[in-house]
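Engineer: I am sharing data.cif, which consists of mmCIF, C-alpha atoms:
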```cif
data_structure
#
loop_
_atom_site.group_PDB
_atom_site.id
_atom_site.type_symbol
_atom_site.label_atom_id
_atom_site.label_comp_id
_atom_site.auth_asym_id
_atom_site.auth_seq_id
_atom_site.Cartn_x
_atom_site.Cartn_y
_atom_site.Cartn_z
ATOM 1 C CA MET A 1 36.268 1.329 80.304
ATOM 2 C CA ILE A 2 35.083 0.872 76.749
ATOM 3 C CA TYR A 3 36.802 3.294 74.359
ATOM 4 C CA ASP A 4 35.118 4.600 71.261
ATOM 5 C CA CYS A 5 38.185 3.698 69.194
ATOM 6 C CA ALA A 6 41.269 1.548 69.703
ATOM 7 C CA ILE A 7 44.308 1.729 67.443
ATOM 8 C CA VAL A 8 46.894 -1.049 67.478
ATOM 9 C CA GLY A 9 50.132 0.464 66.235
ATOM 10 C CA GLY A 10 51.509 3.856 67.178
ATOM 11 C CA GLY A 11 53.588 4.533 64.102
ATOM 12 C CA LEU A 12 52.912 7.321 61.638
ATOM 13 C CA SER A 13 49.568 5.978 60.420
ATOM 14 C CA GLY A 14 48.255 5.082 63.860
ATOM 15 C CA LEU A 15 49.264 8.398 65.427
ATOM 16 C CA GLN A 16 47.763 10.407 62.584
ATOM 17 C CA ALA A 17 44.483 8.526 62.984
ATOM 18 C CA ALA A 18 44.593 9.111 66.748
ATOM 19 C CA ILE A 19 45.060 12.850 66.266
ATOM 20 C CA GLN A 20 42.056 13.023 63.959
ATOM 21 C CA LEU A 21 39.894 10.963 66.323
ATOM 22 C CA GLY A 22 41.032 13.086 69.253
ATOM 23 C CA ARG A 23 39.951 16.201 67.395
ATOM 24 C CA TYR A 24 36.516 14.651 66.988
ATOM 25 C CA GLY A 25 36.399 14.197 70.759
ATOM 26 C CA HIS A 26 36.191 10.406 70.666
ATOM 27 C CA SER A 27 37.735 8.467 73.536
ATOM 28 C CA THR A 28 40.712 6.910 71.786
ATOM 29 C CA LEU A 29 43.334 4.373 72.823
ATOM 30 C CA VAL A 30 46.634 3.688 71.056
ATOM 31 C CA LEU A 31 48.424 0.426 71.880
ATOM 32 C CA ASP A 32 51.950 0.386 70.501
ATOM 33 C CA ALA A 33 54.813 -2.118 70.755
ATOM 34 C CA ALA A 34 57.342 0.605 69.810
ATOM 35 C CA ASP A 35 59.386 -1.632 67.520
ATOM 36 C CA GLY A 36 58.131 -0.914 64.002
ATOM 37 C CA ARG A 37 59.741 0.710 60.978
ATOM 38 C CA SER A 38 59.230 4.244 62.248
ATOM 39 C CA THR A 39 61.308 3.476 65.346
ATOM 40 C CA TRP A 40 64.276 2.513 63.134
ATOM 41 C CA CYS A 41 64.320 5.131 60.381
ATOM 42 C CA ARG A 42 66.803 7.886 61.161
ATOM 43 C CA SER A 43 65.507 10.164 58.395
ATOM 44 C CA TYR A 44 62.440 10.417 56.182
ATOM 45 C CA ASN A 45 63.735 12.468 53.284
ATOM 46 C CA ASN A 46 60.685 13.058 51.071
ATOM 47 C CA LEU A 47 58.078 14.605 53.405
ATOM 48 C CA LEU A 48 56.525 17.989 52.799
ATOM 49 C CA GLY A 49 57.867 20.522 55.290
ATOM 50 C CA TRP A 50 61.017 18.579 56.177
ATOM 51 C CA PRO A 51 63.509 19.422 53.391
ATOM 52 C CA ASP A 52 66.444 18.255 55.525
ATOM 53 C CA GLY A 53 64.687 15.056 56.592
ATOM 54 C CA VAL A 54 63.150 14.071 59.915
ATOM 55 C CA SER A 55 63.646 10.925 61.962
ATOM 56 C CA GLY A 56 60.906 8.475 62.771
ATOM 57 C CA ALA A 57 61.659 8.973 66.464
ATOM 58 C CA GLU A 58 61.062 12.713 66.150
ATOM 59 C CA LEU A 59 57.807 12.266 64.234
ATOM 60 C CA ARG A 60 56.614 9.750 66.804
ATOM 61 C CA ARG A 61 57.549 12.060 69.683
ATOM 62 C CA ILE A 62 55.738 15.028 68.162
ATOM 63 C CA GLY A 63 52.750 12.895 67.153
ATOM 64 C CA ALA A 64 52.391 11.258 70.554
ATOM 65 C CA ARG A 65 52.502 14.652 72.294
ATOM 66 C CA GLN A 66 49.931 16.087 69.896
ATOM 67 C CA ALA A 67 47.618 13.091 70.384
ATOM 68 C CA ALA A 68 47.956 13.237 74.165
ATOM 69 C CA GLN A 69 47.024 16.932 74.148
ATOM 70 C CA LEU A 70 43.774 15.875 72.477
ATOM 71 C CA GLY A 71 42.987 13.352 75.210
ATOM 72 C CA VAL A 72 44.243 10.240 73.420
ATOM 73 C CA HIS A 73 45.439 7.506 75.809
ATOM 74 C CA LEU A 74 48.741 5.945 74.665
ATOM 75 C CA VAL A 75 50.031 2.670 76.118
ATOM 76 C CA GLU A 76 53.274 0.920 75.183
ATOM 77 C CA THR A 77 52.374 -2.766 75.042
ATOM 78 C CA TRP A 78 52.213 -5.749 72.716
ATOM 79 C CA VAL A 79 48.705 -6.917 71.764
ATOM 80 C CA GLU A 80 48.617 -10.690 71.452
ATOM 81 C CA HIS A 81 44.953 -11.410 70.824
ATOM 82 C CA ALA A 82 41.903 -9.688 69.367
ATOM 83 C CA ALA A 83 38.299 -10.872 69.516
ATOM 84 C CA ARG A 84 34.865 -9.471 68.875
ATOM 85 C CA GLU A 85 32.381 -9.601 71.731
ATOM 86 C CA ALA A 86 28.860 -8.396 70.809
ATOM 87 C CA ASP A 87 29.188 -4.688 69.947
ATOM 88 C CA ARG A 88 32.815 -4.247 70.967
ATOM 89 C CA PHE A 89 36.330 -5.578 70.467
ATOM 90 C CA GLU A 90 38.519 -7.010 73.182
ATOM 91 C CA LEU A 91 42.296 -6.705 72.903
ATOM 92 C CA ALA A 92 44.488 -8.814 75.170
ATOM 93 C CA ALA A 93 47.962 -7.459 75.872
ATOM 94 C CA ARG A 94 50.993 -9.574 76.711
ATOM 95 C CA ASP A 95 50.804 -8.520 80.380
ATOM 96 C CA GLY A 96 47.242 -9.832 80.633
ATOM 97 C CA THR A 97 45.467 -6.474 80.473
ATOM 98 C CA ILE A 98 42.256 -6.452 78.447
ATOM 99 C CA TYR A 99 41.312 -3.315 76.504
ATOM 100 C CA ARG A 100 37.850 -2.771 75.005
ATOM 101 C CA ALA A 101 36.651 -0.514 72.189
ATOM 102 C CA ARG A 102 33.702 -0.110 69.841
ATOM 103 C CA ARG A 103 35.854 0.514 66.771
ATOM 104 C CA LEU A 104 39.255 -0.906 65.875
ATOM 105 C CA LEU A 105 42.050 0.273 63.607
ATOM 106 C CA LEU A 106 44.969 -2.031 62.798
ATOM 107 C CA ALA A 107 48.078 -0.005 61.945
ATOM 108 C CA THR A 108 50.515 -2.772 62.853
ATOM 109 C CA GLY A 109 52.815 -2.342 59.878
ATOM 110 C CA VAL A 110 55.638 -4.385 58.430
ATOM 111 C CA VAL A 111 59.048 -5.225 59.895
ATOM 112 C CA ASP A 112 61.929 -5.561 57.457
ATOM 113 C CA ARG A 113 64.175 -8.608 57.508
ATOM 114 C CA LEU A 114 67.643 -7.170 58.021
ATOM 115 C CA PRO A 115 71.021 -8.770 58.672
ATOM 116 C CA PRO A 116 72.441 -8.478 62.224
ATOM 117 C CA LEU A 117 75.327 -6.180 61.323
ATOM 118 C CA ASP A 118 76.642 -3.734 63.904
ATOM 119 C CA GLY A 119 75.959 -0.136 62.939
ATOM 120 C CA LEU A 120 73.269 -0.954 60.393
ATOM 121 C CA ILE A 121 70.266 0.439 62.266
ATOM 122 C CA ALA A 122 72.067 3.706 62.983
ATOM 123 C CA CYS A 123 72.512 4.256 59.228
ATOM 124 C CA LEU A 124 68.907 3.626 58.163
ATOM 125 C CA GLY A 125 67.527 6.611 56.286
ATOM 126 C CA ILE A 126 70.920 8.365 56.383
ATOM 127 C CA SER A 127 73.243 6.206 54.299
ATOM 128 C CA LEU A 128 71.439 2.846 54.125
ATOM 129 C CA PHE A 129 67.938 2.624 52.688
ATOM 130 C CA VAL A 130 65.184 0.094 52.020
ATOM 131 C CA CYS A 131 62.725 1.891 49.696
ATOM 132 C CA PRO A 132 63.803 2.949 46.182
ATOM 133 C CA ASP A 133 60.779 5.219 45.734
ATOM 134 C CA CYS A 134 61.552 7.032 48.997
ATOM 135 C CA ASP A 135 65.313 7.214 48.709
ATOM 136 C CA GLY A 136 66.568 6.272 45.263
ATOM 137 C CA TYR A 137 67.231 9.999 44.921
ATOM 138 C CA GLU A 138 69.930 9.675 47.595
ATOM 139 C CA VAL A 139 72.156 7.576 45.288
ATOM 140 C CA ARG A 140 71.663 9.526 42.065
ATOM 141 C CA ASP A 141 74.765 9.429 39.834
ATOM 142 C CA ARG A 142 76.985 8.024 42.570
ATOM 143 C CA PRO A 143 78.412 4.613 43.568
ATOM 144 C CA ALA A 144 76.116 2.459 45.698
ATOM 145 C CA VAL A 145 75.811 -1.120 46.868
ATOM 146 C CA VAL A 146 72.800 -3.330 47.270
ATOM 147 C CA ILE A 147 73.132 -5.785 50.154
ATOM 148 C CA GLY A 148 70.447 -8.370 49.674
ATOM 149 C CA SER A 149 69.389 -11.935 49.152
ATOM 150 C CA GLY A 150 68.723 -13.718 45.883
ATOM 151 C CA ASP A 151 65.969 -12.314 43.693
ATOM 152 C CA ALA A 152 64.945 -9.604 46.187
ATOM 153 C CA GLY A 153 68.360 -7.988 46.066
ATOM 154 C CA ALA A 154 68.727 -8.434 42.311
ATOM 155 C CA ALA A 155 65.373 -6.767 41.685
ATOM 156 C CA MET A 156 66.366 -3.854 43.928
ATOM 157 C CA ALA A 157 69.628 -3.350 42.043
ATOM 158 C CA ILE A 158 67.793 -3.282 38.718
ATOM 159 C CA LYS A 159 65.261 -0.731 40.025
ATOM 160 C CA LEU A 160 68.080 1.533 41.152
ATOM 161 C CA THR A 161 69.506 1.789 37.633
ATOM 162 C CA TYR A 162 66.979 4.596 37.170
ATOM 163 C CA TRP A 163 69.162 6.614 39.556
ATOM 164 C CA THR A 164 72.710 5.358 39.001
ATOM 165 C CA THR A 165 74.727 3.001 36.846
ATOM 166 C CA GLN A 166 77.447 2.645 39.506
ATOM 167 C CA LEU A 167 75.984 -0.318 41.359
ATOM 168 C CA THR A 168 77.317 -3.474 42.968
ATOM 169 C CA TYR A 169 75.072 -6.268 44.208
ATOM 170 C CA ILE A 170 76.246 -8.284 47.216
ATOM 171 C CA ASN A 171 74.219 -11.489 47.459
ATOM 172 C CA HIS A 172 74.734 -11.673 51.220
ATOM 173 C CA GLU A 173 72.982 -15.027 51.681
ATOM 174 C CA ALA A 174 74.218 -16.467 48.352
ATOM 175 C CA ARG A 175 70.705 -17.498 47.374
ATOM 176 C CA ALA A 176 69.871 -18.498 43.817
ATOM 177 C CA ILE A 177 68.817 -15.810 41.340
ATOM 178 C CA SER A 178 66.301 -16.450 38.585
ATOM 179 C CA GLY A 179 67.564 -16.562 35.028
ATOM 180 C CA THR A 180 65.604 -13.469 34.013
ATOM 181 C CA LEU A 181 66.988 -11.308 36.809
ATOM 182 C CA ALA A 182 70.508 -12.646 36.319
ATOM 183 C CA GLU A 183 70.325 -11.657 32.673
ATOM 184 C CA GLN A 184 69.086 -8.172 33.579
ATOM 185 C CA LEU A 185 71.997 -7.750 35.975
ATOM 186 C CA ARG A 186 74.343 -8.629 33.118
ATOM 187 C CA GLN A 187 72.606 -6.254 30.721
ATOM 188 C CA HIS A 188 72.954 -3.407 33.219
ATOM 189 C CA ARG A 189 76.570 -4.411 33.921
ATOM 190 C CA ILE A 190 75.941 -4.751 37.631
ATOM 191 C CA PRO A 191 78.676 -6.885 39.198
ATOM 192 C CA MET A 192 77.533 -9.417 41.783
ATOM 193 C CA ILE A 193 79.511 -10.633 44.770
ATOM 194 C CA GLU A 194 78.406 -13.945 46.288
ATOM 195 C CA GLY A 195 78.868 -14.108 50.029
ATOM 196 C CA PRO A 196 78.288 -12.196 53.232
ATOM 197 C CA VAL A 197 79.230 -8.756 54.375
ATOM 198 C CA LEU A 198 81.245 -9.419 57.520
ATOM 199 C CA ARG A 199 81.293 -5.890 58.901
ATOM 200 C CA LEU A 200 80.154 -2.393 58.132
ATOM 201 C CA ARG A 201 82.651 0.378 58.569
ATOM 202 C CA THR A 202 80.714 3.380 59.790
ATOM 203 C CA GLU A 203 81.229 6.713 61.407
ATOM 204 C CA SER A 204 78.218 7.641 63.490
ATOM 205 C CA GLU A 205 75.290 7.386 61.013
ATOM 206 C CA ARG A 206 77.479 7.359 57.916
ATOM 207 C CA LEU A 207 78.489 4.279 55.976
ATOM 208 C CA LEU A 208 82.166 4.258 55.001
ATOM 209 C CA GLY A 209 82.547 0.812 53.460
ATOM 210 C CA LEU A 210 82.022 -2.941 53.676
ATOM 211 C CA GLU A 211 84.380 -5.682 54.824
ATOM 212 C CA LEU A 212 83.869 -8.939 52.925
ATOM 213 C CA ASP A 213 85.384 -12.422 52.991
ATOM 214 C CA GLU A 214 89.144 -12.917 52.718
ATOM 215 C CA GLY A 215 89.942 -9.379 53.786
ATOM 216 C CA SER A 216 88.414 -7.631 50.774
ATOM 217 C CA TYR A 217 86.969 -4.166 51.277
ATOM 218 C CA ILE A 218 84.565 -1.959 49.317
ATOM 219 C CA PRO A 219 84.686 1.763 50.090
ATOM 220 C CA VAL A 220 81.169 3.098 49.587
ATOM 221 C CA ASP A 221 78.963 5.621 51.382
ATOM 222 C CA ARG A 222 75.490 4.682 50.134
ATOM 223 C CA GLY A 223 73.623 1.394 50.076
ATOM 224 C CA PHE A 224 70.253 -0.306 49.866
ATOM 225 C CA LEU A 225 69.026 -3.391 51.718
ATOM 226 C CA ALA A 226 66.725 -5.938 50.066
ATOM 227 C CA PHE A 227 66.336 -9.339 51.705
ATOM 228 C CA GLY A 228 62.684 -10.179 51.122
ATOM 229 C CA GLY A 229 60.669 -12.123 53.662
ATOM 230 C CA ASN A 230 59.523 -9.064 55.600
ATOM 231 C CA GLU A 231 57.124 -9.709 58.473
ATOM 232 C CA VAL A 232 53.622 -8.442 57.714
ATOM 233 C CA ARG A 233 52.025 -7.973 61.104
ATOM 234 C CA SER A 234 48.487 -8.983 60.289
ATOM 235 C CA GLY A 235 48.049 -11.743 62.867
ATOM 236 C CA LEU A 236 45.362 -9.829 64.768
ATOM 237 C CA ALA A 237 43.441 -9.385 61.520
ATOM 238 C CA GLU A 238 43.575 -13.139 60.981
ATOM 239 C CA GLN A 239 42.165 -13.731 64.467
ATOM 240 C CA LEU A 240 39.222 -11.483 63.613
ATOM 241 C CA GLY A 241 38.539 -13.205 60.282
ATOM 242 C CA VAL A 242 39.666 -10.247 58.181
ATOM 243 C CA GLU A 243 40.374 -10.990 54.530
ATOM 244 C CA ARG A 244 44.066 -10.948 53.613
ATOM 245 C CA LEU A 245 46.069 -11.532 50.472
ATOM 246 C CA GLU A 246 48.375 -14.528 50.133
ATOM 247 C CA ASN A 247 51.265 -12.281 51.209
ATOM 248 C CA ARG A 248 49.356 -11.487 54.458
ATOM 249 C CA HIS A 249 48.626 -7.852 53.595
ATOM 250 C CA ILE A 250 45.103 -6.756 54.548
ATOM 251 C CA LEU A 251 42.502 -5.891 51.938
ATOM 252 C CA THR A 252 40.540 -2.705 52.607
ATOM 253 C CA ASP A 253 37.888 -0.584 50.957
ATOM 254 C CA ALA A 254 39.624 2.088 48.890
ATOM 255 C CA ARG A 255 37.324 4.869 50.099
ATOM 256 C CA SER A 256 37.061 4.136 53.823
ATOM 257 C CA LYS A 257 39.976 1.748 54.614
ATOM 258 C CA MET A 258 37.508 -0.586 56.344
ATOM 259 C CA THR A 259 38.386 -4.272 56.130
ATOM 260 C CA SER A 260 36.050 -7.123 55.248
ATOM 261 C CA VAL A 261 34.945 -7.206 58.908
ATOM 262 C CA ALA A 262 32.586 -4.429 59.985
ATOM 263 C CA HIS A 263 34.115 -1.756 62.224
ATOM 264 C CA VAL A 264 37.674 -2.984 61.689
ATOM 265 C CA TRP A 265 39.932 -0.701 59.657
ATOM 266 C CA ALA A 266 43.526 -1.134 58.472
ATOM 267 C CA THR A 267 46.019 1.490 57.325
ATOM 268 C CA GLY A 268 49.678 1.890 56.509
ATOM 269 C CA ASP A 269 52.086 -0.830 55.481
ATOM 270 C CA VAL A 270 49.993 -3.697 56.856
ATOM 271 C CA GLY A 271 47.459 -2.957 54.108
ATOM 272 C CA VAL A 272 47.953 -3.206 50.359
ATOM 273 C CA HIS A 273 50.516 -0.483 50.539
ATOM 274 C CA ALA A 274 52.992 1.797 48.822
ATOM 275 C CA GLU A 275 55.504 1.914 51.701
ATOM 276 C CA GLN A 276 55.362 5.711 51.935
ATOM 277 C CA ALA A 277 55.182 7.633 55.199
ATOM 278 C CA SER A 278 52.965 10.291 53.628
ATOM 279 C CA ILE A 279 50.508 7.683 52.344
ATOM 280 C CA ALA A 280 50.422 5.948 55.724
ATOM 281 C CA MET A 281 49.555 9.229 57.440
ATOM 282 C CA GLY A 282 46.906 10.046 54.850
ATOM 283 C CA GLU A 283 45.305 6.648 55.292
ATOM 284 C CA GLY A 284 45.245 7.216 59.046
ATOM 285 C CA VAL A 285 43.129 10.340 58.591
ATOM 286 C CA GLN A 286 40.996 8.581 55.992
ATOM 287 C CA ALA A 287 40.165 5.698 58.330
ATOM 288 C CA ALA A 288 39.569 8.036 61.283
ATOM 289 C CA ILE A 289 36.977 10.006 59.317
ATOM 290 C CA TRP A 290 35.018 6.851 58.569
ATOM 291 C CA MET A 291 35.393 5.529 62.092
ATOM 292 C CA HIS A 292 33.855 8.818 63.251
ATOM 293 C CA LYS A 293 31.004 8.523 60.729
ATOM 294 C CA SER A 294 30.257 4.987 61.942
ATOM 295 C CA LEU A 295 29.935 6.192 65.528
ATOM 296 C CA LEU A 296 27.376 8.916 64.779
#
```
Is it possible to express this structure as structure tokens?
Structural biologist:
Amino acid sequence: MIYDCAIVGGGLSGLQAAIQLGRYGHSTLVLDAADGRSTWCRSYNNLLGWPDGVSGAELRRIGARQAAQLGVHLVETWVEHAAREADRFELAARDGTIYRARRLLLATGVVDRLPPLDGLIACLGISLFVCPDCDGYEVRDRPAVVIGSGDAGAAMAIKLTYWTTQLTYINHEARAISGTLAEQLRQHRIPMIEGPVLRLRTESERLLGLELDEGSYIPVDRGFLAFGGNEVRSGLAEQLGVERLENRHILTDARSKMTSVAHVWATGDVGVHAEQASIAMGEGVQAAIWMHKSLL
């Protein structure tokens, strides 16, 4: 079978695009590895209609059901290779299955580099956060820690001074910090601890505190993570010859979200992005509209 549209990535952007394409009546395939950011986040706190927050798992469940009701075919698989053959694209999954489609959307996202600390994933979006624009509000006027690495963590701590002055930066990997950022930490009176967090103390999804070297302990119930070196999943775009920035994010047309390769679109965090769930969903609809136009 040759689908009208294939979407690689079944997160918030990919599912929203699938719903729109399903409403147009296009045969649509979603191939999803089920291991992206939206599978980890326990609560998106800034979305219209969800004043108490909503988990990525819940949004994915609702979105997948809605897409399936519109005839969208969803497959959990990892796509390893993409190629263009004449007027269609061929997508090779890890199990050897080949999928074919006339139009292709890459919504493959970004995966954060996080330390392997027990209990960390359960706290994401509840008491540990990665995006200051999404969740800086959650630490307003209260004590918070930044667990990070070198300049990435220092920059996060400085950004969070908009929300609170009660910050501590834990340079978990003890990497060097540039002179400019070190001076800004001093100006904002942000203490820095060099060395790893050994354990998180948690209760269900709630952070209670951090155990550090030599038995020291910091009681704190809010924190941000900033390690840098996130994985931008644009390898399929590279295989297709799509233009990318030096940081591997995919360049797209602002109006249509099409890439530099005809009939290949990219949306969400894999593009030049703002790391917002609402923007990712909006871009999914935006790309789907232009995919539909291209098929007429």
Engineer: Which residues of range 79-195 of chain A sit at most 10 Å from range 52-55 of chain A, using only C-alpha atoms? Give each one's shortest atom pair and distance in Å (one decimal place), in chain and ascending residue order, as a Markdown table.
Structural biologist:
```
| residue | atom | partner | partner_atom | distance |
| --- | --- | --- | --- | --- |
| A:Leu124 | CA | A:Ser55 | CA | 9.8 |
| A:Gly125 | CA | A:Ser55 | CA | 8.1 |
| A:Ile126 | CA | A:Gly53 | CA | 9.1 |
```
Engineer: Just to confirm, what's the straight-line distance from CA of Pro196 in chain A to CA of Trp163 in chain A in Å (one decimal)?
Structural biologist: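 Separation of CA of Pro196 in chain A and CA of Trp163 in chain A: 25.0 Å.
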Engineer: Go through range 198-268 of chain A residue by residue and, counting all atoms listed in the file, keep those with an atom at most 10 Å from range 172-184 of chain A; for each kept residue give the shortest atom pair and its distance in Å to one decimal, ordered by chain and increasing number, as JSON lines.
Structural biologist:
```
{"residue": "A:Leu198", "atom": "CA", "partner": "A:His172", "partner_atom": "CA", "distance": 9.3}
{"residue": "A:Leu212", "atom": "CA", "partner": "A:His172", "partner_atom": "CA", "distance": 9.7}
{"residue": "A:Ala226", "atom": "CA", "partner": "A:His172", "partner_atom": "CA", "distance": 9.9}
{"residue": "A:Phe227", "atom": "CA", "partner": "A:His172", "partner_atom": "CA", "distance": 8.7}
```
Engineer: For the residues in that selection, give me C-alpha atoms as an mmCIF file, in the coordinates of the input.
Structural biologist:
```cif
data_model
loop_
_atom_site.group_PDB
_atom_site.id
_atom_site.type_symbol
_atom_site.label_atom_id
_atom_site.label_comp_id
_atom_site.auth_asym_id
_atom_site.auth_seq_id
_atom_site.Cartn_x
_atom_site.Cartn_y
_atom_site.Cartn_z
ATOM 1 C CA LEU A 198 81.245 -9.419 57.520
ATOM 2 C CA LEU A 212 83.869 -8.939 52.925
ATOM 3 C CA ALA A 226 66.725 -5.938 50.066
ATOM 4 C CA PHE A 227 66.336 -9.339 51.705
#
```
Engineer: Using all atoms listed in the file, which residue out of A:Glu76, A:Asp95, A:Asp4, A:Glu138 lies closest to Val30 in chain A?
Structural biologist: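 Going through A:Glu76, A:Asp95, A:Asp4, A:Glu138 one by one, the smallest distance to Val30 in chain A is for A:Glu76.
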Engineer: Using the chain letters and numbers from this file, what does the PyMOL selection byres ((chain A and resi 223) around 7) select? Give the answer as a PyMOL selection string.
Structural biologist: chain A and resi 127-129+144-146+221-222+224-225
